[in-house]
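upload-v2.txt (compact mmCIF, C-alpha atoms) appears below.
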# COMPACT_ATOMS: atom_id res chain seq x y z
CA MET A 393 -17.13 12.86 2.56
CA VAL A 394 -16.34 13.89 -0.99
CA GLY A 395 -13.98 16.86 -0.91
CA SER A 396 -12.54 16.08 2.54
CA LEU A 397 -9.06 15.86 0.99
CA ALA A 398 -9.43 18.91 -1.26
CA GLY A 399 -6.19 20.83 -1.62
CA LYS A 400 -4.10 17.84 -0.55
CA VAL A 401 -1.50 15.94 -2.58
CA ALA A 402 -0.83 12.20 -2.35
CA LEU A 403 1.99 10.10 -3.75
CA ILE A 404 1.11 6.44 -4.21
CA THR A 405 3.53 3.71 -5.23
CA GLY A 406 2.33 0.69 -7.16
CA ALA A 407 -0.57 2.78 -8.43
CA SER A 408 -1.16 1.15 -11.82
CA SER A 409 -3.20 -1.80 -10.55
CA GLY A 410 -4.77 -3.49 -7.56
CA ILE A 411 -4.81 -1.75 -4.20
CA GLY A 412 -2.58 1.13 -5.33
CA ARG A 413 -4.83 1.96 -8.27
CA ALA A 414 -8.02 1.74 -6.20
CA THR A 415 -6.44 4.00 -3.58
CA ALA A 416 -5.45 6.59 -6.15
CA LEU A 417 -9.03 6.74 -7.42
CA ALA A 418 -10.46 6.88 -3.89
CA LEU A 419 -8.21 9.77 -2.84
CA ALA A 420 -8.94 11.67 -6.04
CA ALA A 421 -12.67 11.19 -5.45
CA ALA A 422 -12.12 12.79 -2.03
CA GLY A 423 -10.49 15.80 -3.67
CA ALA A 424 -6.76 15.05 -3.63
CA ASP A 425 -4.32 15.51 -6.49
CA VAL A 426 -2.28 12.37 -7.04
CA ALA A 427 1.23 11.43 -8.12
CA LEU A 428 1.06 7.84 -9.40
CA ASN A 429 4.15 5.69 -9.28
CA TYR A 430 4.33 2.48 -11.28
CA TYR A 431 7.02 0.24 -12.74
CA SER A 432 5.91 -1.45 -15.95
CA LEU A 433 2.14 -1.22 -16.53
CA HIS A 434 2.15 2.08 -18.40
CA ASP A 435 -1.20 1.71 -20.17
CA ALA A 436 -2.98 0.84 -16.92
CA ALA A 437 -1.30 3.75 -15.13
CA ALA A 438 -2.25 6.16 -17.93
CA GLU A 439 -5.86 4.95 -17.81
CA THR A 440 -5.94 5.53 -14.05
CA ALA A 441 -4.53 9.03 -14.53
CA ASP A 442 -7.20 9.76 -17.14
CA GLN A 443 -9.94 8.72 -14.69
CA ILE A 444 -8.48 11.01 -12.03
CA ARG A 445 -8.31 13.95 -14.43
CA ALA A 446 -11.92 13.32 -15.39
CA MET A 447 -12.76 14.01 -11.74
CA GLY A 448 -11.13 17.43 -12.07
CA ARG A 449 -8.02 16.43 -10.18
CA THR A 450 -4.37 16.55 -11.26
CA ALA A 451 -2.58 13.25 -11.91
CA LEU A 452 1.13 12.82 -12.60
CA LEU A 453 2.77 9.61 -13.81
CA TYR A 454 6.13 8.37 -12.55
CA PRO A 455 7.53 5.13 -14.07
CA VAL A 456 10.08 4.63 -11.30
CA ASP A 457 11.64 1.53 -9.73
CA VAL A 458 11.10 2.13 -6.01
CA SER A 459 14.15 0.04 -5.15
CA ASP A 460 16.31 2.83 -6.63
CA GLN A 461 16.68 5.43 -3.88
CA SER A 462 18.03 8.20 -6.09
CA ALA A 463 15.13 7.69 -8.52
CA VAL A 464 12.62 7.83 -5.65
CA ASP A 465 14.20 11.03 -4.34
CA ALA A 466 14.00 12.58 -7.82
CA MET A 467 10.36 11.48 -8.17
CA VAL A 468 9.39 13.14 -4.90
CA ALA A 469 11.28 16.33 -5.78
CA ASP A 470 9.56 16.53 -9.15
CA ALA A 471 6.13 15.88 -7.67
CA VAL A 472 6.67 18.72 -5.21
CA GLU A 473 7.83 21.00 -8.01
CA GLN A 474 4.75 20.15 -10.09
CA LEU A 475 2.12 19.99 -7.36
CA GLY A 476 3.58 22.29 -4.73
CA ARG A 477 3.58 19.88 -1.79
CA ILE A 478 3.05 16.31 -0.56
CA ASP A 479 0.61 15.62 2.26
CA PHE A 480 0.15 11.85 2.00
CA PHE A 481 2.29 8.88 1.10
CA VAL A 482 0.84 5.44 0.40
CA SER A 483 3.32 2.61 -0.10
CA SER A 484 1.68 -0.11 -2.19
CA ALA A 485 4.45 -1.22 -4.57
CA VAL A 486 5.36 -4.86 -4.10
CA TYR A 487 7.31 -7.74 -5.59
CA SER A 488 7.22 -11.35 -4.46
CA ASP A 489 8.51 -14.73 -5.54
CA ARG A 490 7.36 -17.91 -3.84
CA GLU A 491 9.72 -20.84 -3.37
CA PRO A 492 11.42 -22.69 -0.50
CA PHE A 493 14.03 -20.48 1.14
CA HIS A 494 16.77 -23.11 0.98
CA THR A 495 16.55 -23.42 -2.80
CA ALA A 496 15.35 -19.89 -3.59
CA ASN A 497 16.72 -18.03 -6.57
CA MET A 498 18.70 -15.34 -4.80
CA ALA A 499 18.02 -12.72 -7.45
CA GLY A 500 14.29 -13.03 -6.83
CA PHE A 501 14.78 -13.24 -3.07
CA LYS A 502 16.78 -10.01 -3.06
CA ARG A 503 14.39 -8.31 -5.48
CA THR A 504 11.51 -9.06 -3.10
CA LEU A 505 13.35 -7.37 -0.24
CA ASP A 506 14.57 -4.47 -2.37
CA VAL A 507 11.11 -3.56 -3.65
CA SER A 508 8.77 -4.64 -0.85
CA MET A 509 10.93 -3.46 2.07
CA MET A 510 13.56 -0.95 0.94
CA GLY A 511 11.26 0.60 -1.66
CA ALA A 512 8.79 1.45 1.09
CA TYR A 513 11.57 2.92 3.21
CA TYR A 514 12.91 5.11 0.41
CA GLY A 515 9.45 6.51 -0.27
CA LEU A 516 8.76 7.03 3.42
CA ARG A 517 12.06 8.82 3.94
CA ALA A 518 11.73 11.16 0.97
CA THR A 519 8.08 12.10 1.48
CA CYS A 520 8.38 12.58 5.23
CA ASN A 521 11.37 14.87 4.78
CA GLN A 522 9.15 16.97 2.52
CA MET A 523 6.28 16.94 5.03
CA ILE A 524 8.66 17.98 7.82
CA GLN A 525 9.91 20.83 5.66
CA GLN A 526 6.34 21.96 5.01
CA GLY A 527 5.65 22.02 8.73
CA GLU A 528 1.94 21.22 8.39
CA GLY A 529 1.82 17.58 9.40
CA GLY A 530 0.80 14.76 7.07
CA ALA A 531 -0.07 11.10 6.97
CA VAL A 532 1.42 7.85 5.67
CA VAL A 533 -0.15 4.45 5.08
CA ILE A 534 2.07 1.44 4.48
CA VAL A 535 0.36 -1.52 2.83
CA SER A 536 1.74 -4.36 4.89
CA SER A 537 0.30 -7.87 5.10
CA PRO A 538 -0.69 -10.75 7.37
CA HIS A 539 2.60 -12.18 6.07
CA GLY A 540 4.21 -9.87 8.63
CA GLN A 541 2.88 -12.10 11.41
CA ILE A 542 2.02 -15.44 9.81
CA ALA A 543 4.90 -17.56 8.54
CA PHE A 544 3.36 -18.62 5.23
CA PRO A 545 5.61 -21.30 3.68
CA ASN A 546 7.60 -20.63 0.51
CA CYS A 547 7.32 -16.86 1.17
CA MET A 548 10.31 -16.19 3.38
CA ALA A 549 11.53 -13.02 1.64
CA TYR A 550 8.02 -11.57 1.49
CA ASN A 551 7.33 -12.55 5.11
CA MET A 552 10.58 -10.86 6.14
CA ALA A 553 9.80 -7.72 4.18
CA LYS A 554 6.30 -7.31 5.59
CA ALA A 555 7.41 -7.95 9.17
CA ALA A 556 10.05 -5.27 8.69
CA LEU A 557 7.45 -2.81 7.37
CA ASP A 558 5.42 -3.13 10.55
CA MET A 559 8.34 -2.10 12.75
CA MET A 560 9.44 0.52 10.24
CA ALA A 561 6.02 2.18 10.43
CA LYS A 562 5.85 2.08 14.22
CA THR A 563 9.35 3.52 14.55
CA ALA A 564 8.57 6.27 12.06
CA ALA A 565 5.31 7.06 13.86
CA THR A 566 7.25 7.50 17.10
CA GLU A 567 9.93 9.70 15.59
CA LEU A 568 7.40 11.84 13.71
CA LEU A 569 5.14 12.64 16.65
CA PRO A 570 6.66 16.12 17.08
CA HIS A 571 5.94 16.86 13.42
CA LYS A 572 2.31 15.67 13.58
CA ILE A 573 2.91 13.20 10.75
CA ARG A 574 0.87 10.06 11.28
CA VAL A 575 2.13 6.65 10.10
CA ASN A 576 -0.07 3.57 10.01
CA CYS A 577 -0.16 0.15 8.34
CA VAL A 578 -3.00 -1.80 6.82
CA TYR A 579 -3.21 -5.58 6.67
CA PRO A 580 -5.23 -6.55 3.61
CA GLY A 581 -6.49 -10.07 3.61
CA TRP A 582 -6.32 -12.06 0.41
CA THR A 583 -7.37 -9.47 -2.16
CA ASP A 584 -8.52 -9.98 -5.73
CA THR A 585 -5.75 -8.16 -7.60
CA PRO A 586 -3.94 -8.82 -10.89
CA GLY A 587 -0.80 -9.65 -8.92
CA GLU A 588 -2.45 -12.74 -7.46
CA ARG A 589 -2.54 -14.24 -10.97
CA LYS A 590 1.21 -14.68 -10.73
CA PHE A 591 0.56 -17.53 -8.32
CA LEU A 592 -2.93 -18.86 -9.10
CA SER A 593 -5.31 -18.99 -12.03
CA ASP A 594 -8.79 -17.48 -11.90
CA ASP A 595 -10.11 -20.99 -11.38
CA GLY A 596 -7.68 -21.66 -8.56
CA ILE A 597 -8.65 -18.43 -6.81
CA ALA A 598 -12.36 -19.18 -7.25
CA LYS A 599 -11.91 -22.59 -5.64
CA ALA A 600 -9.81 -21.29 -2.74
CA ALA A 601 -11.90 -18.22 -1.86
CA PRO A 602 -14.81 -20.05 -0.14
CA GLY A 603 -12.31 -21.52 2.33
CA LEU A 604 -11.45 -18.08 3.71
CA PRO A 605 -13.11 -17.07 7.01
CA TRP A 606 -15.39 -14.53 5.26
CA GLY A 607 -15.95 -16.84 2.32
CA ARG A 608 -14.49 -14.56 -0.34
CA LEU A 609 -11.53 -12.41 -1.32
CA ALA A 610 -11.43 -8.69 -0.56
CA THR A 611 -11.78 -6.18 -3.37
CA PRO A 612 -9.12 -3.52 -3.93
CA GLU A 613 -11.80 -0.89 -3.33
CA GLU A 614 -12.46 -2.23 0.18
CA ILE A 615 -8.79 -1.88 1.06
CA ALA A 616 -8.63 1.56 -0.55
CA GLY A 617 -11.57 2.71 1.56
CA ALA A 618 -9.68 1.84 4.72
CA ILE A 619 -6.57 3.62 3.48
CA ARG A 620 -8.62 6.69 2.65
CA PHE A 621 -10.11 6.60 6.15
CA LEU A 622 -6.63 6.62 7.71
CA LEU A 623 -5.72 9.71 5.68
CA GLU A 624 -8.94 11.59 6.46
CA PRO A 625 -8.98 14.43 9.02
CA GLY A 626 -11.29 12.28 11.13
CA ALA A 627 -8.44 9.81 11.72
CA ASP A 628 -6.19 12.48 13.23
CA TYR A 629 -5.84 10.56 16.52
CA ILE A 630 -4.67 7.33 14.85
CA THR A 631 -0.96 6.73 14.45
CA GLY A 632 1.43 3.83 14.91
CA THR A 633 -1.23 1.17 14.47
CA ILE A 634 -2.11 -1.69 12.14
CA LEU A 635 -5.62 -1.82 10.70
CA HIS A 636 -6.74 -5.30 9.65
CA ILE A 637 -9.02 -5.51 6.62
CA ASP A 638 -8.70 -9.27 6.38
CA GLY A 639 -12.17 -10.82 6.62
CA GLY A 640 -11.45 -12.41 9.99
CA LEU A 641 -8.15 -14.05 9.05
CA PHE A 642 -6.77 -13.63 12.56
CA LEU A 643 -9.86 -14.92 14.35
CA PRO A 644 -9.70 -18.35 16.06
CA TRP A 645 -10.28 -21.30 13.77
CA TRP A 646 -13.67 -22.10 15.31
CA SER A 647 -15.04 -18.75 14.16
CA LYS A 648 -14.74 -19.85 10.55
CA ARG A 649 -17.94 -19.96 8.53
CA GLY A 650 -19.65 -23.30 8.63
CA SER A 651 -17.32 -24.79 11.23
CA GLY A 652 -20.25 -26.13 13.25
CA ASP A 653 -20.20 -26.88 16.96
CA LEU A 654 -16.95 -27.15 18.89

Using the file provided, produce a representation of the structure as structure tokens.
Amino acid sequence: MVGSLAGKVALITGASSGIGRATALALAAAGADVALNYYSLHDAAAETADQIRAMGRTALLYPVDVSDQSAVDAMVADAVEQLGRIDFFVSSAVYSDREPFHTANMAGFKRTLDVSMMGAYYGLRATCNQMIQQGEGGAVVIVSSPHGQIAFPNCMAYNMAKAALDMMAKTAATELLPHKIRVNCVYPGWTDTPGERKFLSDDGIAKAAPGLPWGRLATPEEIAGAIRFLLEPGADYITGTILHIDGGLFLPWWSKRGSGDL
């Protein structure tokens, strides 16, 4: 389906690494021009932009903190000025600290909510206002998480943020029906991204992966493929839903590989 997104413009937050980067490359491969938001990984973002330009697509770089609403608004306005429109928004920027809630450093706790929850809202608000103005519909994918439904310990702020994103997306999908702007979430399972190294070493990840229901971590490209699908014209009848790409994480425990007889 190469070229199915030709003439379209996507803005992706957290696009310098992991799922955001893989999504940017996948959408460019399908023909879209891409505005790449990132916070600190400039070299990685620039390399991603170079790969997109090598495909013959336009790539713009925006080193913007998504927790700053005025900066997000300015980023969207500039992207529209440079690229003429915005058809897709993918919210992938994230921040997370892990510690017990009752002793959590409140700066990190608040930062997690500001980036992972409010940052998604600011991007959603600004891009959807542009899509409404264009009057030609559009599509949004919010990268949520199983943390939105599973109370993983020592992750209260992140759990809160992801649970909020699910309801944010469903509410937006309802309100945007008259404008034919689709809003969906994806639930990546444990995915092999650079961000995971904040919490575990390569060795720790390698030891933990076989214990997952599918026996391995997801790749960023697998998640990006699902995001691309939700933005494709063929997904026009899908809105207000959550797509799990989690390797069976929500299946009953007895479905786990190698569990044997009940």

Find the spatial neighbours of stretch 402-410 of chain A, counting all atoms listed in the file, within a cut-off of 6 Å - ignore same-chain residues fewer than 5 positions away - and output them as a VMD selection string.
chain A and resid 426 to 430 436 to 437 478 to 485 585 612

Could you check which residues have any atom within 7 Å of (0.8, 2.7, 6.4), counting only C-alpha atoms with coordinates taken straight from the file, and then list them as a PyMOL selection string?
chain A and resi 482-483+532-535+561+575-578

Please provide the set of residues having any atom within 10 Å of A:Asp460, restricted to all atoms listed in the file, with same-chain residues fewer than 2 positions apart removed, written as a list in words.
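Here the qualifying residues turn out to be Val456, Asp457, Val458, Ser462, Ala463, Val464, Asp465, Asp506, Val507, Met510, Gly511 and Tyr514 of chain A.
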
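The interatomic distance for the pair atom CA of A:Glu473 and atom CA of A:Gln443 works out to 22.6 Å.
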
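The nearest approach to A:Leu516 among the residues A:Gln461, A:Ser593, A:Asn546, A:Gln541, with only C-alpha atoms taken into account, belongs to A:Gln461.
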
Gap from atom CA of A:Ala420 to atom CA of A:Pro538 - Å, one decimal:
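Atom-to-atom, atom CA of A:Ala420 to atom CA of A:Pro538, that is 27.4 Å.
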
Selected residue, from A:Arg477, A:His539, A:Arg608, A:Arg503, that lies nearest to A:Asp584 when counting all atoms listed in the file:
A:Arg608

What does the distance from atom CA of A:Ile444 to atom CA of A:Ala418 come to in Å, to one decimal?
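A separation of 9.3 Å between them.
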
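Distance check against A:Asp442 using all atoms listed in the file: of A:Ala601, A:Ala416, A:Ala543, A:His494, the minimum falls on A:Ala416.
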
Smallest atom-to-atom distance to A:Ala414: which of A:Thr611, A:Thr566, A:Thr633, A:Gln522, using all atoms listed in the file?
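Checking each of A:Thr611, A:Thr566, A:Thr633, A:Gln522 against A:Ala414, counting all atoms listed in the file, the winner is A:Thr611.
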